[in-house]
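For reference, the structure discussed in these notes is given below.
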Amino acid sequence: MSGRVVNGARPLMRVLKLSNFPIFQQLKLEERLLRKSSDNWCLLNDGTSPPSIVMGISGKAEKLLEVEKVVKDGVPVIKRFSGGGTVIVDEGTVFITLICSRSALPGLELYPREIMSWTELLYVPVFENALGFKLREHDYVFNDRKFGGNAQSIIKDRWLHHTSFLWDFRDSKMAYLKLPERAPVYREGRNHTDFICRLREHFPSRDIFIDTVQAGLERHFFLREESLVGVESELGEFWNLENWNPFKFPLFSPLLLMKSMMVDLSSPTLEMTVAKVLVGVLRVLMMVGDEQFPGGWWK
């Protein structure tokens, strides 16, 4: 079913439109769709609640965040399963995620730079009325000011590209973030408010922006809208960690192996350290199982 072709032309892309959907739940859903679905997907989430800080999989809170302020204000911190930088997201963020199989775009090499070059071309007509749009390093910018941060995940013959678009933001929330040690060269040491800009200054409304993105996707895919209830049913209860029941699901539930996780900024305890080691071992078993039993060895 991978990269299904509709009407002998464009491959099918299933579209899931969400609003104010919690980013942690979105990341878990994305990871499941990347790993366990063979279809092409686009997730459009207009805002998220509660406000949260999201780091890349290798991010270290003490180097990226003003930890004391984050803990004091009770802001949730999440590590996503992909790479990329750190961002604070809230109701002013628009999330767009593309998940595709290799066969969906013949000729596209599955490497981060090649994928981002293709997505830049995808977004060129979306931002044709905004001056200075381009991809700079890993960011979408207008001239030299960032309005969209990207991250990728590539596994076997599937890839994911997700973007956090800054429709609007409060300058005060940028105080949670430190200036990263490995900042893009074009940032030139600028603070957060001088480095980023608001997408709302370039579009009349969020709905028009999202509709324009969908119109851009229709040049490459046949789009079919889906419901969250239908997708949840298709994936089964495994994808939602909040529903996990150790008496209903096996110990080696894939939920325990998902890479997106909440981050505890308090001092680590022995129990937390042991738990992290166990989860690491289970992830290795999961990867081995995926190779030997592609249909899901835990079922």
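By order in the structure tokens, chains are A, B, ...; within a chain, residues start at 1; ligands start at 1, following the order shown.
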
Env of Gly74 in chain A: 12 Å cut, atoms = only C-alpha atoms, seq-sep filter 4 positions within chain, self excluded. Answer as a short mmCIF file (atom, residue, chain, number, x, y, z; two decimals) with C-alpha atoms, in the first residue's frame.
```
data_model
loop_
_atom_site.label_atom_id
_atom_site.label_comp_id
_atom_site.auth_asym_id
_atom_site.auth_seq_id
_atom_site.Cartn_x
_atom_site.Cartn_y
_atom_site.Cartn_z
CA PRO A 50 -0.58 23.51 27.19
CA PRO A 51 2.42 25.67 26.19
CA SER A 52 5.46 23.38 26.08
CA ILE A 53 9.16 23.36 25.32
CA VAL A 67 16.12 25.48 33.83
CA GLU A 68 15.33 27.35 37.05
CA LYS A 69 12.79 29.59 35.32
CA VAL A 70 11.25 26.66 33.42
CA TYR A 176 13.02 30.23 28.73
CA VAL A 263 11.64 15.38 30.48
CA ASP A 264 11.94 15.60 34.27
CA LEU A 265 14.17 18.57 35.07
CA SER A 266 14.48 17.66 38.74
#
```

All residues 12 Å or closer to range 187-191 of chain A, only C-alpha atoms, same chain fewer than 3 positions away omitted, as a PyMOL selection string: chain A and resi 136-139+141+143-146+171+174-175+177-184+194-197

Surrounding residues of Leu98 in chain A excluding itself and chain neighbours under 3 positions, 9 Å, only C-alpha atoms, as a list in words: Asn40, Trp41, Cys42, Leu43, Trp159, Leu160, His161, His162 and Thr163 of chain A

With C-alpha atoms retained, export the selected residues as an mmCIF file, in the first residue's frame.
```cif
data_model
loop_
_atom_site.group_PDB
_atom_site.id
_atom_site.type_symbol
_atom_site.label_atom_id
_atom_site.label_comp_id
_atom_site.auth_asym_id
_atom_site.auth_seq_id
_atom_site.Cartn_x
_atom_site.Cartn_y
_atom_site.Cartn_z
ATOM 1 C CA ASN A 40 1.687 9.058 3.106
ATOM 2 C CA TRP A 41 0.416 11.540 5.684
ATOM 3 C CA CYS A 42 0.129 15.238 6.354
ATOM 4 C CA LEU A 43 -0.711 16.395 9.883
ATOM 5 C CA TRP A 159 10.792 9.812 6.085
ATOM 6 C CA LEU A 160 9.223 12.504 8.218
ATOM 7 C CA HIS A 161 9.653 16.266 8.007
ATOM 8 C CA HIS A 162 7.935 18.359 10.655
ATOM 9 C CA THR A 163 7.848 22.119 10.988
#
```

Gap from CA of Asp73 in chain A to CA of Asn45 in chain A - Å, one decimal: 24.9 Å

Taking only C-alpha atoms into account, produce a table as JSON lines in which each residue of range 34-146 of chain A with an atom at most 8 Å from an atom of range 198-211 of chain A appears once, together with its shortest atom pair and the distance in Å to one decimal, ordered by chain and rising number.
```
{"residue": "A:Leu44", "atom": "CA", "partner": "A:Ile210", "partner_atom": "CA", "distance": 7.6}
{"residue": "A:Asp46", "atom": "CA", "partner": "A:Arg206", "partner_atom": "CA", "distance": 7.9}
{"residue": "A:Val126", "atom": "CA", "partner": "A:Phe209", "partner_atom": "CA", "distance": 7.9}
{"residue": "A:Asn129", "atom": "CA", "partner": "A:His202", "partner_atom": "CA", "distance": 7.9}
{"residue": "A:Ala130", "atom": "CA", "partner": "A:His202", "partner_atom": "CA", "distance": 6.1}
```
